[in-house]
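In what follows, a structure is listed as structure tokens, so that the remarks can point back to it.
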Amino acid sequence: MGEKKKLTIRFFISLAVFACLFGFLFQKVTYLVQYKIHVNDTVASFYQEKKDSIDVLFFGTSHVFCSFSPMYLWEEKGITSYDISTGQQPIAASYYLMKEGIKRQHPKVIVLETYALSYGEDYATKARLHEAIDNIPLNETKWEIFWDFMPRTMGYHERLEFLFPMIAYHTRWDKLRSNDYQRGETWRLGYVPTKGNKVRKRVPIITEEMEVREENIEYLDKIIQLCRENQIELVLCQTPITKGSRFLKANKMLNYIKRYVEEQGIPYIDYDIIRDEIGLNYEEDFSNATHLNILGAKKATHYMGEYLVQNYSLEDHRGDENYAKWEQEHEQYEEDIQKHLNKLMKKIEKRRAKKEKEENSEG
Amino acid sequence: MLFNSFDFLVFFPVVCLGYYLIPYRFRYLFLLFASYFFYMCWNPKYILLLLTSTAATFFGGLLIDRAKKMEDEKKRNQFKKRILVGTLVLNFAILFFFKYFNFAVDTINHILGILHIQPVNAAFDVILPVGISFYTFQALSYIIDVYRGDIYCEKNFFKYALFVSFFPQLVAGPIERSKNLLKQINVKHDFDAKRVQSGLILMLYGLFQKMVISDNAAIVVDQVYNNLGEYGGIELMLATILFAFQIYCDFGGYSNVAIGAARVMGFDLMANFDTPYLANSVVDFWRRWHISLTSWFRDYLYIPLGGNRKGKLRKYLNILIVFLTSGLWHGASWHFVAWGGLNGVYQIVGQWTMKARERFCKWFHINVESFSHQLIKVITTFIFVDISWIFFRAKSSREALSIMAKMVTQIHLQVLYDGTLQNLGLSGAMLKVFILSLLVLLAVDLMKFKKLDLIEMLCRQGIWFRYLFYLALIFSILLFGVYGPGFDESQFIYFQF
């Protein structure tokens with residue numbers, strides 16, 4: 001072999017080695033400069049979970065991470081689950097996250113919260129899209145996302161920041177905080193305990209329907225197809241809707257969706273209809289306009305647990321050695337949730353006292 | 001397609017791979033195709049202009065070459081001259097229309113306005129074709145060289161078209177000469193790992209100059225120059241100094257990427273910037289700044305005008321003509337002309353006072369070889385050059401003059417400690433990084449000035465050092481470089497309960 005040829009081969013080998021080294025560091029540095037809030041940490045942490053250890057995956061907007069607590073589900077039924085939900089998660093993002101979720105966990109049941117199906121065009125901002133997909137590693141799903149799911153109006157140069165989040169975040173290098181250097185707590189399993197207390201009005205149940213944006217239906221169909229192909233049971237649900245014209249419109253659209261999927265034999269849990277059954281308290285169970293607090297989430301999760309156990313053959317993993325991690329993390333969870341709960345209870349008591357006082361003075 | 005774009009990051013490796021994989025005899029066609037694609041990424045229509053310039057100079061060259069066979073010398077020369085003039089007129093006409101037409105109309109209207117005559121209404125809405133000044137000059141150098149008999153006439157249109165459109169230097173130089181580049185198109189370039197490595201390093205450094213130094217400097221410069229009313233003399237001085245580095249690293253960085261990219265494919269392009277701010281006189285500066293353009297003007301304008309062979313006065317006049325033209329080449333506006341003119345005047349005054357200065361040094365026993373004397377010369381040269389940059393950066397000559405006046409009359413020393421300087425767009429850690437990157441630039445230039453071949457030195461180092469160096473360079477570009485939409489935290493704050 002000639003000297004030149006040798007050099008060429010050596011060049012390409014060292015180039016390949018360098019590329020690997022660079023790729024590794026690039027990923028690390030990208031994660032470092034990414035803006036971290038619990039919602040996108042949820043997706044990153046999901047990849048830390050042991051493969052094929054989770055039976056139920058929840059997808060959807062903030063309604064999911066405020067309403068369904070996987071640890072509570074574990075505590076009550078021994079079901080392993082995870083909330084792959086991010087703020088205002090567009091339905092297309094849910095679809096791709098679902099692909100990733102199925103690839104890693106092969107769940108038995110997937111629960112999709114439908115609120116995002118009521119979104120109009122360009123509802124989600126770039127920041128929300130980042131939260132949803134930044135932590136999907138650079139793989140074929142990300143590649144598909146790049147070409148397919150971004151708002152169709154977005155040019156491909158603009159989309160690059162979703163393929164390489166470094167483009168969007170690199171200027172953060174001098175604003176890093178301590179939480180940028182550490183991974184989030186895995187025991188949350190995507191759930192975000194909320195401790196607000198807002199009194200909501202119990203709105204009458206609406207039966208009217210309203211057409212949903214075509215693109216949303218398109219992705220809903222894709223999701224149904226995806227679950228069918230992978231023999232996964234799909235359950236759709238809708239967390240309680242409260243007052244406001246925006247929610248009224250959403251409610252009508254979700255009624256449309258409900259009929260659309262039920263015609264295809266897919267179950268739809270409408271928490272508005274079962275609100276009395278689960279004992280939803282409009283004075284105490286809401287954190288803010290549409291999000292359930294810890295108390296509300298317990299009720300929603302409890303019902304979901306009952307439903308899942310009754311309808312699907314899900315294993316109770318409690319006591320199983322392979323799931324020791326869950327037991328340990330449950331302790332951490334208990335500790336943390338108790339703190340939040342105490343704060344919430346104080347707020348509620350304060351409000352109750354105030355209300356009593358007002359009633360007394362009136363009386 | 002810009003060098004500092006994602007597109008180029010994909011385009012370049014693909015082209016290189018293709019280039020080395022296909023057989024020799026098709027390579028020039030492949031490069032031509034790649035170059036035309038590169039150009040058409042901006043505006044596909046303007047490829048026609050490039051093609052017209054190419055065709056005109058190519059066929060002009062053929063005709064001049066054919067004239068050799070004419071027996072009557074007088075007739076032959078006349079014919080050759082006609083062809084040359086025709087080609088020049090056509091090319092300059094295109095350049096004029098696309099770059100200077102609106103400027104000319106504005107100027108005429110300004111004069112008419114002074115004379116109280118109805119202005120002409122003939123503004124055309126044309127976009128300046130990217131790189132037109134560069135490739136037009138490159139094509140013209142070929143036809144003039146053929147006319148002069150300095151270069152053979154290229155008979156293969158596609159090879160010639162590649163010479164005019166070679167993508168690394170198509171849109172921002174170096175403006176190549178046929179004597180250098182055209183000949184290389186016929187050379188078989190084997191894959192040479194050392195060359196490729198060296199080219200890649202140069203490209204990386206060029207990107208560092210452009211994205212980290214130039215584009216960050218631009219933040220401060222734009223902040224001050226776009227809000228002149230808010231800033232006093234010291235801020236203006238700082239911005240003007242930074243502008244010197246902005247334009248150097250922008251242009252020089254771009255040239256480095258071009259030279260590096262060509263080197264990866266086996267081509268040698270001419271040097272374009274040689275540590276310009278270490279020049280010890282304005283004449284020296286112009287030997288080091290945008291060398292390919294300066295030498296173009298020297299060969300095709302200054303010398304034909306008579307150069308320094310027709311007496312002092314003519315020489316000074318020639319210098320002035322060259323620099324005024326150079327100013328106009330840089331931009332269709334009077335403040336560019338003023339910038340060029342000022343540089344011409346510097347040189348004339350410099351030469352004019354040369355004897356007196358020498359006598360002065362002798363009289364006071366100043367050792368002109370000493371470091372301190374050279375340092376003072378370098379600093380003074382920088383100051384002179386930097387003053388001329390004010391005309392380059394300002395929106396008009398009048399604005400430039402008012403900036404200069406402000407630098408003298410409105411010096412408020414409190415801005416040095418009241419935090420104003422930290423609020424010019426770069427702050428905190430970024431400011432420190434920026435200063436550090438300027439020091440890197442200085443160190444690199446000093447070593448280059450001492451004729452050290454840095455890339456060669458780097459390639460001799462062990463693998464761990466080289467990898468560390470590459471990673472440091474790449475990540476400093478990725479983190480500190482200016483690109484992307486910028487991060488807006490308020491967008492992300494959501495559900496922070």
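By convention in this document, the chains of the structure tokens carry letters A, B, ... by their order, each chain's residues are numbered from 1, and ligands are numbered from 1 in the order they are shown.
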- Among region 142-330 of chain A, which residues carry a DSSP assignment of strand (DSSP E), reported as JSON, numbers by chain? {"A": [233, 234, 235, 236, 237, 238, 268, 269, 270]}
Emit the selected residues as an mmCIF file, in the first residue's frame, including N, CA and C atoms.
data_model
loop_
_atom_site.group_PDB
_atom_site.id
_atom_site.type_symbol
_atom_site.label_atom_id
_atom_site.label_comp_id
_atom_site.auth_asym_id
_atom_site.auth_seq_id
_atom_site.Cartn_x
_atom_site.Cartn_y
_atom_site.Cartn_z
ATOM 1 N N GLU A 233 -53.740 -0.663 23.464
ATOM 2 C CA GLU A 233 -55.084 -0.144 23.714
ATOM 3 C C GLU A 233 -54.994 1.363 23.860
ATOM 4 N N LEU A 234 -55.842 2.051 23.123
ATOM 5 C CA LEU A 234 -55.835 3.509 23.195
ATOM 6 C C LEU A 234 -57.075 3.974 23.953
ATOM 7 N N VAL A 235 -56.851 4.843 24.934
ATOM 8 C CA VAL A 235 -57.963 5.439 25.671
ATOM 9 C C VAL A 235 -57.854 6.942 25.524
ATOM 10 N N LEU A 236 -58.942 7.574 25.157
ATOM 11 C CA LEU A 236 -58.914 9.034 25.114
ATOM 12 C C LEU A 236 -59.612 9.575 26.345
ATOM 13 N N CYS A 237 -59.166 10.694 26.838
ATOM 14 C CA CYS A 237 -59.853 11.272 27.979
ATOM 15 C C CYS A 237 -59.809 12.781 27.913
ATOM 16 N N GLN A 238 -60.657 13.360 28.711
ATOM 17 C CA GLN A 238 -60.759 14.823 28.718
ATOM 18 C C GLN A 238 -60.908 15.226 30.173
ATOM 19 N N TYR A 268 -63.719 6.716 25.498
ATOM 20 C CA TYR A 268 -63.470 8.132 25.760
ATOM 21 C C TYR A 268 -63.958 8.448 27.171
ATOM 22 N N ILE A 269 -63.056 8.838 28.018
ATOM 23 C CA ILE A 269 -63.459 9.185 29.388
ATOM 24 C C ILE A 269 -63.636 10.687 29.478
ATOM 25 N N ASP A 270 -64.854 11.103 29.732
ATOM 26 C CA ASP A 270 -65.118 12.540 29.848
ATOM 27 C C ASP A 270 -65.287 12.868 31.335
#
- Query: Which chain A residues are at most 8 Å from chain B (counting only C-alpha atoms), as a list in words?
  - Reply: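 Every residue of chain A that passes the 8 Å test is in Lys4, Leu7, Thr8, Phe11, Phe18, Phe22, Tyr35, Ile37, Gly87, Ala127, Arg128, Glu161, Met166, Ile167, Ala168, Tyr169, His170, Thr171, Arg172, Trp173, Asp174 and Thr194 of chain A.
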- Item | Neighbour list for region 301-308 of chain A as a PyMOL selection string, cut-off 7 Å, only C-alpha atoms, skip fewer than 6 positions in-chain | chain A and resi 67-69+73+77+278
- Which residues, written as number ranges by chain, have at least one atom at most 7 Å from Val146 (chain B), with only C-alpha atoms counted and residues fewer than 6 positions away on the same chain left out? B: 61, 152-153
Filtering to N, CA, C and O atoms, could you give me those residues as a PDB file, in the first residue's frame?
ATOM      1  N   GLY B  61     -11.834  36.727 -25.471  1.00  0.00           N
ATOM      2  CA  GLY B  61     -10.504  36.111 -25.443  1.00  0.00           C
ATOM      3  C   GLY B  61     -10.238  35.308 -26.697  1.00  0.00           C
ATOM      4  O   GLY B  61      -9.154  35.401 -27.295  1.00  0.00           O
ATOM      5  N   TYR B 152      -2.463  32.303 -21.661  1.00  0.00           N
ATOM      6  CA  TYR B 152      -2.991  31.647 -22.854  1.00  0.00           C
ATOM      7  C   TYR B 152      -4.506  31.846 -22.911  1.00  0.00           C
ATOM      8  O   TYR B 152      -5.141  32.141 -21.898  1.00  0.00           O
ATOM      9  N   CYS B 153      -5.017  31.670 -24.102  1.00  0.00           N
ATOM     10  CA  CYS B 153      -6.465  31.790 -24.245  1.00  0.00           C
ATOM     11  C   CYS B 153      -7.088  30.438 -23.958  1.00  0.00           C
ATOM     12  O   CYS B 153      -6.728  29.436 -24.565  1.00  0.00           O
TER      13      CYS B 153
END
Test item, alpha helix (DSSP H) assignment across region 243-354 of chain A, answer as a short mmCIF file (atom, residue, chain, number, x, y, z; two decimals) with N, CA, C and O atoms, in the first residue's frame:
data_model
loop_
_atom_site.label_atom_id
_atom_site.label_comp_id
_atom_site.auth_asym_id
_atom_site.auth_seq_id
_atom_site.Cartn_x
_atom_site.Cartn_y
_atom_site.Cartn_z
N SER A 245 -64.90 31.35 27.69
CA SER A 245 -65.39 31.12 26.33
C SER A 245 -64.45 30.21 25.55
O SER A 245 -64.85 29.43 24.71
N ARG A 246 -63.16 30.33 25.88
CA ARG A 246 -62.17 29.50 25.19
C ARG A 246 -62.45 28.02 25.48
O ARG A 246 -62.40 27.18 24.59
N PHE A 247 -62.80 27.78 26.74
CA PHE A 247 -63.03 26.39 27.13
C PHE A 247 -64.37 25.89 26.59
O PHE A 247 -64.53 24.72 26.30
N LEU A 248 -65.29 26.84 26.46
CA LEU A 248 -66.59 26.47 25.91
C LEU A 248 -66.41 25.96 24.47
O LEU A 248 -66.94 24.93 24.08
N LYS A 249 -65.63 26.70 23.73
CA LYS A 249 -65.38 26.33 22.34
C LYS A 249 -64.64 24.98 22.29
O LYS A 249 -65.00 24.09 21.50
N ALA A 250 -63.65 24.86 23.17
CA ALA A 250 -62.88 23.62 23.21
C ALA A 250 -63.81 22.46 23.54
O ALA A 250 -63.73 21.39 22.95
N ASN A 251 -64.73 22.70 24.47
CA ASN A 251 -65.65 21.67 24.89
C ASN A 251 -66.49 21.15 23.72
O ASN A 251 -66.66 19.95 23.54
N LYS A 252 -66.94 22.10 22.91
CA LYS A 252 -67.74 21.69 21.75
C LYS A 252 -66.90 20.84 20.78
O LYS A 252 -67.36 19.85 20.23
N MET A 253 -65.67 21.26 20.61
CA MET A 253 -64.80 20.52 19.70
C MET A 253 -64.52 19.13 20.25
O MET A 253 -64.49 18.15 19.50
N LEU A 254 -64.32 19.06 21.56
CA LEU A 254 -64.02 17.76 22.14
C LEU A 254 -65.23 16.84 22.08
O LEU A 254 -65.08 15.62 21.97
N ASN A 255 -66.42 17.42 22.10
CA ASN A 255 -67.62 16.60 21.92
C ASN A 255 -67.61 15.95 20.53
O ASN A 255 -68.01 14.81 20.36
N TYR A 256 -67.14 16.73 19.58
CA TYR A 256 -67.02 16.22 18.20
C TYR A 256 -66.04 15.04 18.17
O TYR A 256 -66.30 13.99 17.60
N ILE A 257 -64.90 15.25 18.83
CA ILE A 257 -63.87 14.21 18.88
C ILE A 257 -64.41 12.94 19.55
O ILE A 257 -64.19 11.83 19.09
N LYS A 258 -65.15 13.18 20.62
CA LYS A 258 -65.70 12.06 21.39
C LYS A 258 -66.54 11.17 20.49
O LYS A 258 -66.37 9.96 20.45
N ARG A 259 -67.44 11.82 19.73
CA ARG A 259 -68.31 11.04 18.85
C ARG A 259 -67.43 10.36 17.77
O ARG A 259 -67.61 9.18 17.46
N TYR A 260 -66.47 11.12 17.27
CA TYR A 260 -65.59 10.62 16.19
C TYR A 260 -64.89 9.33 16.61
O TYR A 260 -64.83 8.38 15.84
N VAL A 261 -64.35 9.29 17.83
CA VAL A 261 -63.60 8.09 18.23
C VAL A 261 -64.52 6.98 18.72
O VAL A 261 -64.24 5.81 18.51
N GLU A 262 -65.60 7.38 19.39
CA GLU A 262 -66.50 6.34 19.89
C GLU A 262 -67.10 5.55 18.75
O GLU A 262 -67.35 4.34 18.87
N ILE A 294 -53.30 18.93 43.63
CA ILE A 294 -52.99 17.58 44.11
C ILE A 294 -54.26 16.80 44.47
O ILE A 294 -54.40 15.63 44.13
N LEU A 295 -55.20 17.49 45.11
CA LEU A 295 -56.43 16.81 45.53
C LEU A 295 -57.22 16.34 44.33
O LEU A 295 -57.71 15.21 44.28
N GLY A 296 -57.33 17.24 43.34
CA GLY A 296 -58.07 16.90 42.12
C GLY A 296 -57.39 15.76 41.37
O GLY A 296 -58.03 14.84 40.87
N ALA A 297 -56.05 15.84 41.32
CA ALA A 297 -55.29 14.84 40.59
C ALA A 297 -55.49 13.45 41.21
O ALA A 297 -55.59 12.46 40.50
N LYS A 298 -55.57 13.43 42.52
CA LYS A 298 -55.77 12.14 43.20
C LYS A 298 -57.09 11.51 42.75
O LYS A 298 -57.14 10.32 42.44
N LYS A 299 -58.12 12.35 42.66
CA LYS A 299 -59.42 11.83 42.26
C LYS A 299 -59.39 11.35 40.81
O LYS A 299 -59.89 10.28 40.49
N ALA A 300 -58.77 12.18 39.96
CA ALA A 300 -58.72 11.82 38.54
C ALA A 300 -57.91 10.54 38.34
O ALA A 300 -58.30 9.65 37.58
N THR A 301 -56.79 10.45 39.06
CA THR A 301 -55.92 9.29 38.91
C THR A 301 -56.59 8.03 39.46
O THR A 301 -56.50 6.95 38.88
N HIS A 302 -57.29 8.21 40.57
CA HIS A 302 -57.97 7.07 41.18
C HIS A 302 -58.97 6.46 40.19
O HIS A 302 -59.00 5.26 39.97
N TYR A 303 -59.74 7.34 39.58
CA TYR A 303 -60.73 6.85 38.63
C TYR A 303 -60.04 6.14 37.47
O TYR A 303 -60.44 5.05 37.05
N MET A 304 -58.98 6.76 36.98
CA MET A 304 -58.24 6.19 35.86
C MET A 304 -57.72 4.80 36.22
O MET A 304 -57.79 3.86 35.42
N GLY A 305 -57.22 4.67 37.45
CA GLY A 305 -56.69 3.39 37.91
C GLY A 305 -57.76 2.32 37.89
O GLY A 305 -57.57 1.22 37.37
N GLU A 306 -58.93 2.67 38.45
CA GLU A 306 -60.04 1.73 38.48
C GLU A 306 -60.41 1.31 37.06
O GLU A 306 -60.60 0.13 36.75
N TYR A 307 -60.47 2.30 36.19
CA TYR A 307 -60.87 2.04 34.82
C TYR A 307 -59.89 1.09 34.14
O TYR A 307 -60.27 0.14 33.47
N LEU A 308 -58.62 1.38 34.32
CA LEU A 308 -57.59 0.58 33.65
C LEU A 308 -57.62 -0.87 34.15
O LEU A 308 -57.53 -1.82 33.36
N VAL A 309 -57.75 -1.01 35.46
CA VAL A 309 -57.73 -2.36 36.03
C VAL A 309 -58.95 -3.16 35.58
O VAL A 309 -58.85 -4.34 35.27
N GLN A 310 -60.09 -2.49 35.51
CA GLN A 310 -61.32 -3.18 35.11
C GLN A 310 -61.30 -3.62 33.65
O GLN A 310 -61.83 -4.65 33.30
N ASN A 311 -60.70 -2.77 32.82
CA ASN A 311 -60.81 -3.01 31.38
C ASN A 311 -59.63 -3.69 30.73
O ASN A 311 -59.75 -4.21 29.63
N ALA A 324 -38.16 -2.82 42.30
CA ALA A 324 -37.76 -2.25 43.61
C ALA A 324 -37.58 -0.75 43.54
O ALA A 324 -37.86 -0.01 44.48
N LYS A 325 -37.09 -0.30 42.39
CA LYS A 325 -36.87 1.13 42.18
C LYS A 325 -38.15 1.92 42.43
O LYS A 325 -38.13 3.02 43.00
N TRP A 326 -39.26 1.35 42.00
CA TRP A 326 -40.53 2.04 42.17
C TRP A 326 -40.88 2.21 43.63
O TRP A 326 -41.40 3.26 44.03
N GLU A 327 -40.60 1.17 44.41
CA GLU A 327 -40.88 1.25 45.84
C GLU A 327 -40.07 2.37 46.48
O GLU A 327 -40.59 3.18 47.24
N GLN A 328 -38.79 2.40 46.10
CA GLN A 328 -37.91 3.42 46.69
C GLN A 328 -38.38 4.82 46.31
O GLN A 328 -38.49 5.72 47.12
N GLU A 329 -38.64 4.97 45.02
CA GLU A 329 -39.03 6.30 44.55
C GLU A 329 -40.38 6.71 45.11
O GLU A 329 -40.64 7.90 45.28
N HIS A 330 -41.20 5.71 45.39
CA HIS A 330 -42.50 6.04 45.97
C HIS A 330 -42.34 6.73 47.31
O HIS A 330 -43.07 7.66 47.64
N GLU A 331 -41.33 6.29 48.07
CA GLU A 331 -41.08 6.94 49.37
C GLU A 331 -40.72 8.42 49.18
O GLU A 331 -41.23 9.29 49.86
N GLN A 332 -39.82 8.65 48.23
CA GLN A 332 -39.43 10.04 47.94
C GLN A 332 -40.64 10.86 47.54
O GLN A 332 -40.84 12.00 47.97
N TYR A 333 -41.46 10.23 46.71
CA TYR A 333 -42.66 10.89 46.21
C TYR A 333 -43.59 11.25 47.35
O TYR A 333 -44.09 12.38 47.45
N GLU A 334 -43.80 10.30 48.23
CA GLU A 334 -44.68 10.52 49.37
C GLU A 334 -44.24 11.73 50.18
O GLU A 334 -45.04 12.60 50.52
N GLU A 335 -42.94 11.74 50.41
CA GLU A 335 -42.36 12.82 51.22
C GLU A 335 -42.64 14.17 50.56
O GLU A 335 -43.09 15.12 51.19
N ASP A 336 -42.36 14.20 49.26
CA ASP A 336 -42.49 15.46 48.55
C ASP A 336 -43.96 15.88 48.44
O ASP A 336 -44.30 17.03 48.67
N ILE A 337 -44.79 14.93 48.12
CA ILE A 337 -46.21 15.26 47.90
C ILE A 337 -46.84 15.75 49.20
O ILE A 337 -47.68 16.64 49.21
N GLN A 338 -46.37 15.16 50.32
CA GLN A 338 -46.91 15.57 51.62
C GLN A 338 -46.63 17.05 51.89
O GLN A 338 -47.49 17.77 52.35
N LYS A 339 -45.42 17.45 51.53
CA LYS A 339 -45.05 18.86 51.72
C LYS A 339 -45.98 19.76 50.92
O LYS A 339 -46.52 20.75 51.41
N HIS A 340 -46.14 19.39 49.66
CA HIS A 340 -47.02 20.18 48.80
C HIS A 340 -48.45 20.18 49.34
O HIS A 340 -49.12 21.20 49.36
N LEU A 341 -48.86 19.01 49.79
CA LEU A 341 -50.23 18.86 50.27
C LEU A 341 -50.47 19.73 51.50
O LEU A 341 -51.51 20.39 51.61
N ASN A 342 -49.48 19.74 52.39
CA ASN A 342 -49.61 20.57 53.59
C ASN A 342 -49.83 22.04 53.22
O ASN A 342 -50.67 22.72 53.79
N LYS A 343 -49.03 22.48 52.25
CA LYS A 343 -49.16 23.88 51.82
C LYS A 343 -50.55 24.12 51.25
O LYS A 343 -51.20 25.13 51.54
N LEU A 344 -50.99 23.17 50.44
CA LEU A 344 -52.30 23.31 49.81
C LEU A 344 -53.40 23.33 50.88
O LEU A 344 -54.31 24.17 50.83
N MET A 345 -53.27 22.44 51.84
CA MET A 345 -54.31 22.37 52.87
C MET A 345 -54.39 23.67 53.66
O MET A 345 -55.47 24.12 54.00
N LYS A 346 -53.22 24.26 53.89
CA LYS A 346 -53.21 25.54 54.61
C LYS A 346 -54.00 26.58 53.82
O LYS A 346 -54.80 27.33 54.37
N LYS A 347 -53.73 26.60 52.52
CA LYS A 347 -54.44 27.56 51.66
C LYS A 347 -55.94 27.33 51.72
O LYS A 347 -56.73 28.27 51.84
N ILE A 348 -56.30 26.06 51.65
CA ILE A 348 -57.73 25.74 51.64
C ILE A 348 -58.38 26.13 52.97
O ILE A 348 -59.44 26.74 53.00
N GLU A 349 -57.67 25.80 54.06
CA GLU A 349 -58.23 26.14 55.37
C GLU A 349 -58.40 27.64 55.53
O GLU A 349 -59.40 28.12 56.06
N LYS A 350 -57.40 28.35 55.03
CA LYS A 350 -57.45 29.80 55.14
C LYS A 350 -58.68 30.32 54.39
O LYS A 350 -59.39 31.20 54.86
N ARG A 351 -58.88 29.75 53.21
CA ARG A 351 -60.01 30.19 52.40
C ARG A 351 -61.34 29.82 53.08
O ARG A 351 -62.28 30.62 53.12
N ARG A 352 -61.34 28.62 53.63
CA ARG A 352 -62.56 28.18 54.31
C ARG A 352 -62.90 29.11 55.47
O ARG A 352 -64.04 29.54 55.63
N ALA A 353 -61.85 29.44 56.25
CA ALA A 353 -62.03 30.30 57.41
C ALA A 353 -62.57 31.65 56.97
O ALA A 353 -63.50 32.21 57.57
N LYS A 354 -61.97 32.16 55.89
CA LYS A 354 -62.38 33.45 55.38
C LYS A 354 -63.84 33.42 54.95
O LYS A 354 -64.62 34.33 55.24
#
- Task: Write out as an MDAnalysis selection string which residues come within 6 Å of region 288-299 of chain B when counting only C-alpha atoms, dropping same-chain ones fewer than 5 positions away.
- Result: chainID B and resid 174:175 272:274 276
- Mind pulling up the distance from CA of Gln88 (chain A) to CA of Glu263 (chain A)?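 Separation of CA of Glu263 (chain A) and CA of Gln88 (chain A): 26.7 Å.
Residues in contact with Phe58 (chain B) at 8 Å, where only C-alpha atoms are counted and same-chain residues fewer than 6 positions away are skipped, are listed as Ile143, Glu154, Phe157 and Tyr160 of chain B.
Here CA of Ile241 (chain A) and CA of Lys126 (chain A) stand 25.6 Å from one another.
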